[in-house]
>>> print(open('coords21.cif').read())   # mmCIF, C-alpha atoms
data_entry
#
loop_
_atom_site.label_atom_id
_atom_site.label_comp_id
_atom_site.auth_asym_id
_atom_site.auth_seq_id
_atom_site.Cartn_x
_atom_site.Cartn_y
_atom_site.Cartn_z
CA MET A 1 77.57 124.12 125.77
CA SER A 2 76.31 127.49 127.02
CA GLN A 3 74.05 128.11 129.97
CA THR A 4 70.50 129.33 129.67
CA THR A 5 69.99 133.01 130.52
CA LEU A 6 66.17 133.18 130.41
CA LEU A 7 63.46 130.94 131.87
CA GLU A 8 59.75 131.65 131.44
CA TYR A 9 56.39 130.75 132.93
CA GLU A 10 52.92 131.77 131.76
CA ALA A 11 50.38 131.83 134.59
CA PRO A 12 46.61 131.40 134.12
CA TRP A 13 46.04 134.78 135.81
CA PRO A 14 47.80 138.15 136.22
CA VAL A 15 50.77 137.80 138.58
CA TYR A 16 51.66 140.41 141.19
CA ALA A 17 53.46 139.09 144.30
CA LEU A 18 56.33 136.63 143.83
CA ASP A 19 59.38 135.31 145.67
CA TRP A 20 62.23 132.86 145.00
CA CYS A 21 62.80 130.04 147.49
CA ASN A 22 65.70 130.68 149.86
CA THR A 23 66.60 127.01 150.40
CA PRO A 24 66.08 123.73 148.51
CA ALA A 25 63.18 121.52 149.53
CA PRO A 26 63.92 119.23 152.49
CA GLY A 27 65.82 116.16 151.33
CA GLN A 28 66.46 117.58 147.84
CA GLN A 29 69.53 119.72 148.45
CA LEU A 30 71.53 118.18 145.59
CA ARG A 31 68.88 118.61 142.91
CA PRO A 32 69.03 121.88 140.96
CA LYS A 33 65.29 121.71 140.28
CA SER A 34 64.62 122.18 143.99
CA SER A 35 66.44 125.53 143.99
CA PHE A 36 64.36 126.82 141.07
CA ARG A 37 61.00 127.19 142.78
CA LEU A 38 58.90 130.34 142.85
CA ALA A 39 55.90 131.33 144.91
CA ILE A 40 53.50 133.53 142.93
CA SER A 41 50.06 134.97 143.54
CA SER A 42 47.37 136.47 141.36
CA PHE A 43 45.95 139.96 141.28
CA THR A 44 42.29 140.10 140.30
CA GLU A 45 39.69 142.48 141.69
CA ASP A 46 37.58 139.84 143.39
CA TYR A 47 37.76 137.21 146.14
CA ARG A 48 38.99 134.41 143.85
CA ASN A 49 42.73 135.03 143.92
CA ARG A 50 45.23 132.17 143.96
CA LEU A 51 48.56 131.36 145.58
CA ALA A 52 50.77 128.92 143.69
CA ILE A 53 54.18 127.22 143.77
CA VAL A 54 55.86 126.70 140.40
CA GLY A 55 58.96 124.56 139.85
CA LEU A 56 61.44 123.79 137.11
CA ARG A 57 60.12 121.07 134.82
CA ASP A 58 63.49 119.68 133.67
CA GLU A 59 66.89 120.67 135.06
CA ASN A 60 68.43 120.28 131.61
CA VAL A 61 66.73 123.49 130.44
CA LEU A 62 69.48 125.27 132.38
CA LEU A 63 71.70 124.50 129.36
CA ASP A 64 71.13 125.60 125.78
CA ASP A 65 71.23 122.29 123.92
CA ASP A 66 70.29 122.29 120.22
CA ASP A 67 70.01 118.49 120.27
CA TYR A 68 67.20 118.64 122.83
CA PRO A 69 65.19 121.79 122.15
CA PRO A 70 62.56 122.53 124.83
CA VAL A 71 59.10 121.26 123.93
CA GLU A 72 57.34 122.22 127.15
CA PRO A 73 57.26 125.31 129.38
CA ASP A 74 60.25 125.79 131.65
CA PHE A 75 58.10 125.73 134.81
CA TYR A 76 55.03 123.81 135.91
CA MET A 77 52.58 124.40 138.74
CA MET A 78 53.47 122.19 141.71
CA ALA A 79 50.68 123.37 144.01
CA ASP A 80 48.06 126.09 144.24
CA THR A 81 45.32 127.15 146.62
CA MET A 82 42.68 129.80 147.12
CA HIS A 83 43.85 133.07 148.64
CA GLY A 84 40.70 135.22 148.57
CA TYR A 85 41.77 138.85 148.35
CA PRO A 86 45.00 139.57 146.44
CA ALA A 87 48.27 139.13 148.29
CA THR A 88 50.08 142.45 148.56
CA LYS A 89 53.31 140.61 149.37
CA LEU A 90 54.52 137.03 149.82
CA GLN A 91 57.76 135.56 151.06
CA TRP A 92 59.42 132.17 151.57
CA GLN A 93 60.82 131.35 154.97
CA PRO A 94 64.35 132.72 155.57
CA SER A 95 67.20 130.24 155.28
CA SER A 96 67.63 130.40 159.08
CA SER A 97 64.25 128.65 159.43
CA THR A 98 65.76 125.25 158.66
CA ASN A 99 67.61 125.20 162.00
CA PHE A 100 64.97 126.97 164.09
CA ASN A 101 63.10 125.15 166.85
CA TRP A 102 59.51 125.48 165.65
CA ASN A 103 56.62 124.52 167.91
CA SER A 104 54.26 123.08 165.32
CA LYS A 105 56.10 122.76 162.02
CA SER A 106 57.00 119.48 160.37
CA PRO A 107 60.76 119.06 159.65
CA ASN A 108 59.76 117.99 156.14
CA SER A 109 57.87 121.16 155.33
CA GLU A 110 58.57 124.79 154.48
CA LEU A 111 56.75 127.95 155.51
CA LEU A 112 55.49 130.83 153.42
CA ALA A 113 53.75 134.03 154.47
CA THR A 114 51.37 136.36 152.64
CA VAL A 115 49.55 139.55 153.55
CA GLY A 116 46.36 141.09 152.23
CA ASP A 117 43.29 141.11 154.41
CA ALA A 118 45.37 139.27 157.07
CA LEU A 119 48.80 137.80 157.74
CA ARG A 120 48.55 134.20 156.55
CA ILE A 121 51.13 131.50 157.31
CA TRP A 122 51.27 128.58 154.89
CA GLU A 123 52.98 125.20 155.11
CA LEU A 124 54.35 123.52 151.99
CA PHE A 125 54.96 119.77 151.74
CA THR A 126 56.92 118.62 148.68
CA GLU A 127 57.03 115.06 147.38
CA GLY A 128 60.35 113.43 146.60
CA GLU A 129 61.81 113.29 143.11
CA PRO A 130 60.44 110.30 141.17
CA LYS A 131 63.16 107.85 140.17
CA GLY A 132 64.41 108.35 136.63
CA SER A 133 62.37 111.51 136.22
CA SER A 134 65.35 113.59 135.14
CA PHE A 135 66.55 111.19 132.40
CA LEU A 136 67.22 113.32 129.35
CA GLY A 137 64.38 113.34 126.87
CA ARG A 138 62.01 111.25 129.01
CA GLN A 139 58.61 112.56 129.95
CA SER A 140 57.85 111.67 133.53
CA THR A 141 55.75 112.48 136.51
CA GLN A 142 56.88 115.70 138.16
CA PRO A 143 57.09 116.03 141.93
CA GLN A 144 53.98 117.64 143.34
CA ALA A 145 53.42 119.62 146.51
CA LYS A 146 50.66 120.40 148.99
CA LEU A 147 50.07 123.92 150.23
CA ALA A 148 47.98 124.36 153.38
CA GLN A 149 47.16 127.41 155.46
CA LYS A 150 48.29 127.13 159.08
CA ILE A 151 46.70 130.31 160.43
CA ALA A 152 45.41 133.77 159.50
CA LEU A 153 46.41 136.53 161.92
CA SER A 154 44.45 139.79 162.06
CA GLY A 155 46.06 143.18 162.17
CA ILE A 156 43.76 144.11 165.05
CA GLN A 157 43.97 142.38 168.41
CA GLN A 158 40.81 140.34 168.60
CA SER A 159 40.20 141.02 172.29
CA LYS A 160 39.84 144.74 171.63
CA SER A 161 37.96 144.59 168.35
CA PRO A 162 34.22 145.21 168.14
CA PRO A 163 32.47 142.07 166.90
CA ASN A 164 31.44 143.56 163.55
CA VAL A 165 34.68 145.42 162.71
CA SER A 166 37.08 143.83 160.25
CA ALA A 167 40.83 144.29 160.47
CA ALA A 168 42.39 146.94 158.25
CA PRO A 169 44.13 145.56 155.14
CA LEU A 170 47.85 144.87 155.37
CA THR A 171 50.13 146.43 152.77
CA SER A 172 53.43 144.62 153.34
CA PHE A 173 55.59 142.71 155.82
CA SER A 174 59.17 141.76 156.57
CA TRP A 175 60.40 138.38 157.82
CA ASN A 176 63.31 138.58 160.24
CA SER A 177 66.31 136.65 158.90
CA ILE A 178 67.96 136.18 162.32
CA THR A 179 64.96 135.01 164.36
CA PRO A 180 62.52 133.59 161.78
CA SER A 181 59.63 133.53 164.25
CA LEU A 182 59.50 137.35 164.04
CA LEU A 183 57.51 139.16 161.36
CA VAL A 184 56.49 142.80 161.22
CA THR A 185 53.48 143.91 159.16
CA SER A 186 52.34 147.32 157.92
CA SER A 187 48.75 148.45 157.52
CA ILE A 188 46.62 151.20 156.04
CA ASP A 189 45.40 152.00 159.58
CA THR A 190 48.80 153.74 160.26
CA THR A 191 50.10 150.85 162.41
CA CYS A 192 52.90 148.32 162.34
CA THR A 193 52.51 145.03 164.21
CA VAL A 194 55.31 142.70 165.31
CA TRP A 195 54.26 139.05 165.38
CA ASP A 196 55.66 135.87 166.89
CA ILE A 197 54.49 133.25 164.41
CA ASN A 198 55.85 130.44 166.58
CA THR A 199 53.12 131.23 169.12
CA PHE A 200 50.73 132.90 166.62
CA SER A 201 50.52 136.03 168.77
CA ALA A 202 51.18 139.77 168.44
CA ILE A 203 54.16 141.04 170.41
CA THR A 204 53.38 144.72 169.98
CA GLN A 205 51.43 147.10 167.78
CA LEU A 206 52.33 150.76 167.35
CA ILE A 207 51.09 153.78 165.46
CA ALA A 208 53.93 154.25 163.02
CA HIS A 209 52.84 157.05 160.69
CA ASP A 210 50.30 159.83 160.35
CA ARG A 211 48.71 158.11 157.35
CA GLU A 212 48.79 154.68 155.70
CA VAL A 213 51.97 152.60 156.09
CA TYR A 214 53.00 151.09 152.75
CA ASP A 215 56.12 149.06 153.49
CA VAL A 216 58.32 147.86 156.33
CA ALA A 217 61.74 146.21 156.54
CA TRP A 218 63.90 144.79 159.33
CA LEU A 219 67.40 146.17 159.58
CA PRO A 220 69.54 143.20 158.43
CA SER A 221 71.24 141.38 161.31
CA SER A 222 68.90 143.01 163.85
CA THR A 223 65.92 141.65 165.76
CA ASP A 224 65.04 145.03 167.27
CA ILE A 225 65.21 147.73 164.58
CA PHE A 226 62.93 148.11 161.57
CA CYS A 227 62.06 150.95 159.21
CA SER A 228 58.82 151.88 157.48
CA VAL A 229 57.55 154.22 154.77
CA GLY A 230 54.09 155.59 154.22
CA ALA A 231 51.61 157.96 152.67
CA ASP A 232 52.80 160.83 154.86
CA GLY A 233 56.03 160.88 152.84
CA SER A 234 58.32 159.87 155.70
CA LEU A 235 60.79 157.06 156.31
CA ARG A 236 60.97 156.18 160.00
CA ALA A 237 63.07 153.89 162.15
CA PHE A 238 61.77 152.04 165.22
CA ASP A 239 63.57 150.16 167.98
CA LEU A 240 61.60 147.54 169.93
CA ARG A 241 63.75 148.30 172.97
CA SER A 242 62.50 151.90 173.02
CA LEU A 243 59.12 152.40 171.38
CA GLU A 244 58.39 155.74 173.04
CA HIS A 245 59.65 157.54 169.97
CA SER A 246 60.73 156.94 166.39
CA THR A 247 63.45 158.50 164.26
CA ILE A 248 62.51 160.23 161.02
CA LEU A 249 65.32 159.44 158.61
CA TYR A 250 63.85 161.11 155.53
CA GLU A 251 60.84 163.14 154.47
CA THR A 252 59.87 163.94 150.93
CA PRO A 253 60.14 167.67 150.27
CA ALA A 254 56.92 169.57 150.86
CA PRO A 255 55.39 171.04 147.69
CA LYS A 256 56.52 174.58 146.95
CA THR A 257 52.90 175.66 146.57
CA ALA A 258 50.71 174.51 149.43
CA PRO A 259 47.34 173.02 148.40
CA SER A 260 44.46 175.48 148.68
CA ALA A 261 42.64 173.05 151.02
CA ILE A 262 45.12 173.88 153.79
CA PRO A 263 44.22 177.13 155.58
CA PRO A 264 47.04 179.73 155.47
CA SER A 265 47.04 179.90 159.27
CA SER A 266 47.43 176.15 159.67
CA SER A 267 50.72 174.89 161.10
CA ALA A 268 50.24 171.44 159.53
CA ARG A 269 52.87 170.34 157.06
CA PRO A 270 51.55 170.29 153.47
CA PRO A 271 51.04 166.77 152.15
CA SER A 272 54.11 165.21 150.55
CA ALA A 273 54.49 162.49 147.93
CA PRO A 274 53.98 159.08 149.55
CA LEU A 275 56.94 156.73 149.83
CA LEU A 276 55.97 153.27 148.59
CA ARG A 277 58.79 150.77 149.21
CA ILE A 278 61.98 150.37 151.21
CA ALA A 279 64.87 147.92 150.86
CA PHE A 280 68.12 147.58 152.81
CA ASN A 281 71.45 146.73 151.24
CA PRO A 282 72.26 143.34 152.87
CA SER A 283 76.00 143.92 152.46
CA ASP A 284 76.07 147.43 153.95
CA HIS A 285 73.18 147.96 156.31
CA ASN A 286 73.67 151.71 156.40
CA PHE A 287 72.25 152.10 152.89
CA MET A 288 68.63 151.70 151.87
CA ALA A 289 66.58 152.44 148.77
CA THR A 290 63.12 153.96 148.42
CA TYR A 291 60.97 155.78 145.86
CA HIS A 292 57.98 158.10 145.67
CA LEU A 293 54.53 157.55 144.26
CA ASP A 294 54.44 158.15 140.48
CA SER A 295 58.19 158.87 140.40
CA PRO A 296 60.73 157.43 137.92
CA ASP A 297 63.59 158.07 140.35
CA VAL A 298 65.00 155.94 143.18
CA HIS A 299 66.62 157.49 146.26
CA ILE A 300 69.54 155.88 148.12
CA LEU A 301 69.73 156.94 151.78
CA ASP A 302 72.47 156.58 154.40
CA MET A 303 71.23 155.99 157.95
CA ARG A 304 74.35 157.71 159.30
CA SER A 305 73.35 160.96 157.64
CA PRO A 306 69.55 161.23 157.58
CA GLY A 307 67.62 163.98 155.90
CA GLN A 308 68.48 163.73 152.23
CA PRO A 309 69.46 161.06 149.70
CA VAL A 310 73.13 160.44 148.98
CA VAL A 311 72.40 159.08 145.49
CA GLU A 312 69.56 159.42 143.00
CA LEU A 313 69.06 156.76 140.33
CA LYS A 314 67.66 158.33 137.18
CA GLY A 315 67.21 155.62 134.60
CA HIS A 316 63.49 154.91 134.31
CA ARG A 317 61.25 156.96 132.04
CA ARG A 318 58.04 156.20 133.90
CA GLN A 319 57.09 155.36 137.48
CA VAL A 320 59.04 152.75 139.45
CA ASN A 321 56.98 149.78 140.69
CA ALA A 322 59.42 147.69 142.72
CA LEU A 323 63.04 147.37 143.77
CA GLY A 324 65.30 144.88 145.51
CA PHE A 325 68.93 144.29 146.43
CA SER A 326 70.87 141.20 145.45
CA GLN A 327 71.19 138.75 148.35
CA SER A 328 74.81 137.88 147.53
CA ASP A 329 76.20 140.82 145.58
CA GLY A 330 75.38 143.72 147.88
CA GLY A 331 76.33 146.30 145.29
CA SER A 332 73.52 145.33 142.91
CA LEU A 333 70.08 146.91 143.08
CA ALA A 334 67.32 145.92 140.66
CA THR A 335 64.49 148.32 139.79
CA VAL A 336 61.46 147.80 137.54
CA GLY A 337 58.75 150.14 136.31
CA ASP A 338 55.96 151.11 133.97
CA ASP A 339 58.51 151.80 131.23
CA CYS A 340 58.78 148.00 130.79
CA GLN A 341 62.40 148.03 131.96
CA LEU A 342 64.44 146.02 134.45
CA LEU A 343 67.53 148.01 135.42
CA LEU A 344 70.48 146.75 137.48
CA TRP A 345 72.58 149.34 139.31
CA ASP A 346 76.07 148.98 140.81
CA LEU A 347 76.01 150.68 144.21
CA SER A 348 79.14 149.05 145.63
CA ASN A 349 81.25 152.21 145.65
CA ILE A 350 78.99 154.79 147.25
CA PRO A 351 81.13 156.85 149.63
CA PRO A 352 79.77 157.37 153.15
CA ALA A 353 77.69 160.50 153.52
CA PRO A 354 79.20 163.25 155.67
CA SER A 355 77.87 163.38 159.19
CA PRO A 356 75.18 165.98 159.93
CA GLN A 357 77.74 167.95 161.99
CA ALA A 358 80.34 167.93 159.21
CA SER A 359 77.83 168.93 156.52
CA ARG A 360 76.20 171.69 158.55
CA GLY A 361 76.47 175.00 156.77
CA THR A 362 77.72 173.43 153.54
CA ASP A 363 75.93 172.73 150.29
CA THR A 364 76.13 168.94 149.97
CA LYS A 365 75.20 167.76 146.49
CA ARG A 366 73.79 164.30 145.98
CA MET A 367 75.24 162.05 143.31
CA LYS A 368 73.12 161.11 140.33
CA TYR A 369 73.46 157.79 138.53
CA THR A 370 71.98 157.62 135.04
CA GLU A 371 73.65 154.52 133.60
CA PRO A 372 72.69 151.07 134.95
CA TYR A 373 75.14 148.27 134.26
CA LEU A 374 72.39 146.09 132.80
CA ALA A 375 69.05 146.92 131.20
CA TRP A 376 66.39 144.50 129.97
CA SER A 377 63.19 145.58 128.23
CA GLY A 378 59.91 143.67 128.25
CA GLN A 379 56.75 144.05 126.23
CA SER A 380 54.59 145.45 129.03
CA GLU A 381 54.82 147.11 132.43
CA ILE A 382 56.85 145.19 135.02
CA ASN A 383 55.05 145.08 138.36
CA ASN A 384 57.33 143.20 140.74
CA ILE A 385 60.71 141.60 141.23
CA ALA A 386 62.42 138.84 143.26
CA TRP A 387 66.10 137.86 143.52
CA SER A 388 67.25 134.28 143.88
CA PRO A 389 69.92 133.44 146.46
CA GLN A 390 73.38 132.65 145.13
CA LEU A 391 72.91 129.21 143.57
CA PRO A 392 75.82 126.77 143.73
CA ARG A 393 77.40 124.79 140.91
CA PHE A 394 75.13 121.91 139.87
CA THR A 395 75.95 118.67 138.04
CA LEU A 396 73.01 117.82 135.79
CA SER A 397 71.70 114.40 134.83
CA ASN A 398 73.28 114.69 131.36
CA GLY A 399 76.75 114.99 132.92
CA PHE A 400 77.22 118.69 132.25
CA SER A 401 77.62 121.23 135.04
CA THR A 402 76.41 124.74 135.64
CA SER A 403 78.44 127.47 137.28
CA GLN A 404 77.39 129.50 140.29
CA SER A 405 74.55 131.80 139.33
CA GLU A 406 72.09 134.38 140.49
CA TRP A 407 68.71 135.07 138.93
CA VAL A 408 66.12 137.84 138.92
CA ALA A 409 62.43 136.98 138.52
CA ILE A 410 60.00 139.63 137.30
CA ALA A 411 56.20 139.71 137.08
CA MET A 412 54.81 141.15 133.86
CA GLY A 413 51.10 140.63 133.28
CA LYS A 414 50.53 136.86 133.28
CA SER A 415 54.22 136.21 132.50
CA VAL A 416 57.05 135.46 134.88
CA LYS A 417 60.53 135.91 133.41
CA CYS A 418 63.65 134.65 135.18
CA LEU A 419 66.90 136.23 133.99
CA ARG A 420 70.35 134.94 134.84
CA VAL A 421 72.46 137.90 135.88
#
>>> encode(input="coords21.cif", output="C-alpha cells")
Amino acid sequence: MSQTTLLEYEAPWPVYALDWCNTPAPGQQLRPKSSFRLAISSFTEDYRNRLAIVGLRDENVLLDDDDYPPVEPDFYMMADTMHGYPATKLQWQPSSSTNFNWNSKSPNSELLATVGDALRIWELFTEGEPKGSSFLGRQSTQPQAKLAQKIALSGIQQSKSPPNVSAAPLTSFSWNSITPSLLVTSSIDTTCTVWDINTFSAITQLIAHDREVYDVAWLPSSTDIFCSVGADGSLRAFDLRSLEHSTILYETPAPKTAPSAIPPSSSARPPSAPLLRIAFNPSDHNFMATYHLDSPDVHILDMRSPGQPVVELKGHRRQVNALGFSQSDGGSLATVGDDCQLLLWDLSNIPPAPSPQASRGTDTKRMKYTEPYLAWSGQSEINNIAWSPQLPRFTLSNGFSTSQSEWVAIAMGKSVKCLRV
C-alpha cells in the first residue's frame, strides 16, 4: 500500500499566512493526526479576517487505499477566531517552547503569534482524541480546539505614544528557537522591535532601515543576532550586544539610470529594488536566501563574504512570492511565485565564498542554478509556503505504518495543498 503524496483543504476565504505545527498537541504525541495541524489566516481587504487551526480528519488518508476511498476533505477546521486586519505572518511556537518555564501559560496549551496591526499572542487548547474515533470507516466526532488571544502588543511604546496615534503596521516577525520568549518584529516605520513575550514587554526598539522593513529573521542558534531586509534594498545584520551600528551584508544594485526626481548634485543613493523576504539555512547558518520586489530570481548570500550573492536561482518565470528552507534537510530550499510553481532547490553543495580579502581585485562570478530537483505546478498563483518538521514513522489504526516524511504546505487562493516531499 503506497503513501499519500497530496493532502488538500479548501478554506471559506482566501488564505495568505500559514504555518505547520512544530510539535504534536500536548498528550497526543503518538497520534499522527496531531502532527498534521496547520494554522492559516485569511486575506480580505476589511476588518473581518479570520485565524484558524485545521487538522487531519482521518489518519488513514495518509495511505492510498482503494478499498476506503476518501469521502470527506482531508482536513477540517478545529478552531477559528476573528483577527481583524489581515495577518502578514503567523507562526507556531518553536519546539523549545515545550520545556520553557512560562509565566502564564498552561502546560496543556500551545502558543501562536501573528502580526498585522499589532503583535498578537494566541493560546490554543486542544481536546483529547475521542475513543474509537480513528476506527477505519467510522464517522466520529473530531477533536476540537479553543483559540484565545492572550495579548496584543503595539509596535510603539505606549508611554511615548500620543493618545490619538496608532502604531505602525507590522510586516513580519521571527520567533527565536533557542529562547522562545524572544520575538523580533519588523515595521513599515523603519524599526525593528525585540519583545519578551514572557513578560509582554519590549526589550529594545531600533531604527533598522532608511525605509520600510519588510522581513526579519534570527540567526539560527543565536539569541543576539538577527537580520532584516527592507524597501531601501539592503540586508542588514544587528547584534543586541552592540546596537550602535549595523552591518550591511548586501545592497541591491543601484539603477544604471538615476531617476529624474533625484537632483544631479544630490549625494543620495538612487532608490534600489526593495528586498522582501529573508530566510536562513538552518543547517549552515552562513547562507541565507532573499529576493527583490517583482523579481523571478532568488539570491543566496554568504555572511562570510558580504556584498554580492554566491548563487542565483533562475527557475521562476514570474515574480517570487515566498521562500523557505527545510527544517531537517538543510540543502533544500522551496520557492513559490506568480507563475503557479513550487520549486525545490538542492543547495547542499554550495562552496564557501572567497573572503573579501582573497577576492579583492579579481572578477568573482556567481553561480547560477536553473534546474530545481522538484517542480510542482498549480492552477493559480502561489502566495505562501510552510515546511513541516521531519515527521517520524507512524503506526496507523488500520495496522499499516508510514515512513518518515516531510511536507510542504502552500497557499493558493482559497486552497491549501500539502505535498509530501
>>> resolve_selection(input="coords21.cif", expression="the PyMOL selection byres ((chain A and resi 317) around 8)", output="ChimeraX atom specification")
/A:296,315-316,318-319,339
>>> atom_distance(input="coords21.cif", atom1="atom CA of Thr402 of chain A", atom2="atom CA of Lys146 of chain A")
29.3 Å
>>> residues_near_point(input="coords21.cif", point="(46.2, 135.4, 153.7)", cutoff="8 Å", atoms="only C-alpha atoms", output="ChimeraX atom specification")
/A:83-85,87,113-121,152
>>> resolve_selection(input="coords21.cif", expression="the PyMOL selection byres ((chain A and resi 194) around 12)", output="PyMOL selection string")
chain A and resi 119+153-157+173-176+181-187+191-193+195-197+200-208+216-218+223-226+238-240
>>> axis_aligned_box(input="coords21.cif", around="segment 269-284 of chain A", padding_each_side="6 Å", output="JSON")
{"center_x": 63.6, "center_y": 156.8, "center_z": 152.5, "size_x": 37.0, "size_y": 39.0, "size_z": 21.1}
>>> atom_distance(input="coords21.cif", atom1="atom CA of Ala273 of chain A", atom2="atom CA of Phe43 of chain A")
25.0 Å
>>> residues_near_point(input="coords21.cif", point="(58.6, 168.0, 148.3)", cutoff="9 Å", atoms="all atoms listed in the file", output="list in words")
Gly233, Glu251, Thr252, Pro253, Ala254, Pro255, Lys256, Pro271, Ser272 and Ala273 of chain A
>>> closest_residue(input="coords21.cif", among="A:Lys105, A:Arg304, A:Arg236, A:Lys417", to="Leu275 of chain A", atoms="only C-alpha atoms")
A:Arg236
>>> closest_residue(input="coords21.cif", among="A:Gln341, A:Ser242, A:Ala334, A:Leu235", to="Pro309 of chain A", atoms="all atoms listed in the file")
A:Leu235
>>> resolve_selection(input="coords21.cif", expression="the PyMOL selection byres ((chain A and resi 410) around 7)", output="PDB file with C-alpha atoms, in the coordinates of the input")
ATOM      1  CA  ILE A 382      56.850 145.190 135.020  1.00  0.00           C
ATOM      2  CA  ASN A 384      57.330 143.200 140.740  1.00  0.00           C
ATOM      3  CA  ILE A 385      60.710 141.600 141.230  1.00  0.00           C
ATOM      4  CA  ALA A 386      62.420 138.840 143.260  1.00  0.00           C
ATOM      5  CA  VAL A 408      66.120 137.840 138.920  1.00  0.00           C
ATOM      6  CA  ALA A 409      62.430 136.980 138.520  1.00  0.00           C
ATOM      7  CA  ALA A 411      56.200 139.710 137.080  1.00  0.00           C
ATOM      8  CA  MET A 412      54.810 141.150 133.860  1.00  0.00           C
ATOM      9  CA  VAL A 416      57.050 135.460 134.880  1.00  0.00           C
ATOM     10  CA  LYS A 417      60.530 135.910 133.410  1.00  0.00           C
ATOM     11  CA  CYS A 418      63.650 134.650 135.180  1.00  0.00           C
TER      12      CYS A 418
END
>>> atom_distance(input="coords21.cif", atom1="atom CA of Asn286 of chain A", atom2="atom CA of Ala375 of chain A")
26.1 Å
>>> residues_around(input="coords21.cif", residues="Leu343 of chain A", least_positions_apart="5", cutoff="7 Å", atoms="only C-alpha atoms", output="VMD selection string")
chain A and resid 334 to 336 372 374 to 376
>>> closest_residue(input="coords21.cif", among="A:Ser328, A:Leu62, A:Gln93, A:Ser106", to="Ser403 of chain A", atoms="all atoms listed in the file")
A:Leu62
>>> closest_residue(input="coords21.cif", among="A:Ser415, A:Ser397, A:Ser305, A:Ser228", to="Val15 of chain A", atoms="all atoms listed in the file")
A:Ser415
>>> build_atoms(input="coords21.cif", residues="segment 301-313 of chain A", atoms="N, CA, C and O atoms", output="JSON list (two decimals), keeping the file's coordinate frame")
[["chain", "number", "residue", "atom", "x", "y", "z"],
["A", 301, "LEU", "N", 69.55, 156.21, 150.53],
["A", 301, "LEU", "CA", 69.73, 156.94, 151.78],
["A", 301, "LEU", "C", 70.80, 156.27, 152.63],
["A", 301, "LEU", "O", 71.00, 155.06, 152.55],
["A", 302, "ASP", "N", 71.46, 157.07, 153.46],
["A", 302, "ASP", "CA", 72.47, 156.58, 154.40],
["A", 302, "ASP", "C", 71.96, 156.87, 155.81],
["A", 302, "ASP", "O", 71.74, 158.03, 156.17],
["A", 303, "MET", "N", 71.76, 155.81, 156.60],
["A", 303, "MET", "CA", 71.23, 155.99, 157.95],
["A", 303, "MET", "C", 72.14, 156.85, 158.82],
["A", 303, "MET", "O", 71.68, 157.46, 159.80],
["A", 304, "ARG", "N", 73.42, 156.92, 158.49],
["A", 304, "ARG", "CA", 74.35, 157.71, 159.30],
["A", 304, "ARG", "C", 74.21, 159.20, 159.06],
["A", 304, "ARG", "O", 74.71, 160.01, 159.84],
["A", 305, "SER", "N", 73.54, 159.56, 157.97],
["A", 305, "SER", "CA", 73.35, 160.96, 157.64],
["A", 305, "SER", "C", 71.93, 161.17, 157.12],
["A", 305, "SER", "O", 71.70, 161.33, 155.92],
["A", 306, "PRO", "N", 70.94, 161.13, 158.02],
["A", 306, "PRO", "CA", 69.55, 161.23, 157.58],
["A", 306, "PRO", "C", 69.21, 162.63, 157.07],
["A", 306, "PRO", "O", 69.94, 163.59, 157.30],
["A", 307, "GLY", "N", 68.12, 162.68, 156.35],
["A", 307, "GLY", "CA", 67.62, 163.98, 155.90],
["A", 307, "GLY", "C", 67.54, 164.14, 154.41],
["A", 307, "GLY", "O", 66.60, 164.76, 153.90],
["A", 308, "GLN", "N", 68.52, 163.60, 153.68],
["A", 308, "GLN", "CA", 68.48, 163.73, 152.23],
["A", 308, "GLN", "C", 69.19, 162.53, 151.60],
["A", 308, "GLN", "O", 70.07, 161.93, 152.21],
["A", 309, "PRO", "N", 68.81, 162.20, 150.36],
["A", 309, "PRO", "CA", 69.46, 161.06, 149.70],
["A", 309, "PRO", "C", 70.92, 161.35, 149.41],
["A", 309, "PRO", "O", 71.33, 162.50, 149.22],
["A", 310, "VAL", "N", 71.73, 160.30, 149.39],
["A", 310, "VAL", "CA", 73.13, 160.44, 148.98],
["A", 310, "VAL", "C", 73.29, 160.16, 147.49],
["A", 310, "VAL", "O", 74.25, 160.62, 146.87],
["A", 311, "VAL", "N", 72.36, 159.39, 146.92],
["A", 311, "VAL", "CA", 72.40, 159.08, 145.49],
["A", 311, "VAL", "C", 70.98, 159.06, 144.94],
["A", 311, "VAL", "O", 70.06, 158.62, 145.63],
["A", 312, "GLU", "N", 70.81, 159.55, 143.74],
["A", 312, "GLU", "CA", 69.56, 159.42, 143.00],
["A", 312, "GLU", "C", 69.82, 158.58, 141.75],
["A", 312, "GLU", "O", 70.78, 158.83, 141.03],
["A", 313, "LEU", "N", 68.97, 157.59, 141.53],
["A", 313, "LEU", "CA", 69.06, 156.76, 140.33],
["A", 313, "LEU", "C", 68.04, 157.26, 139.33],
["A", 313, "LEU", "O", 66.82, 157.23, 139.58]]
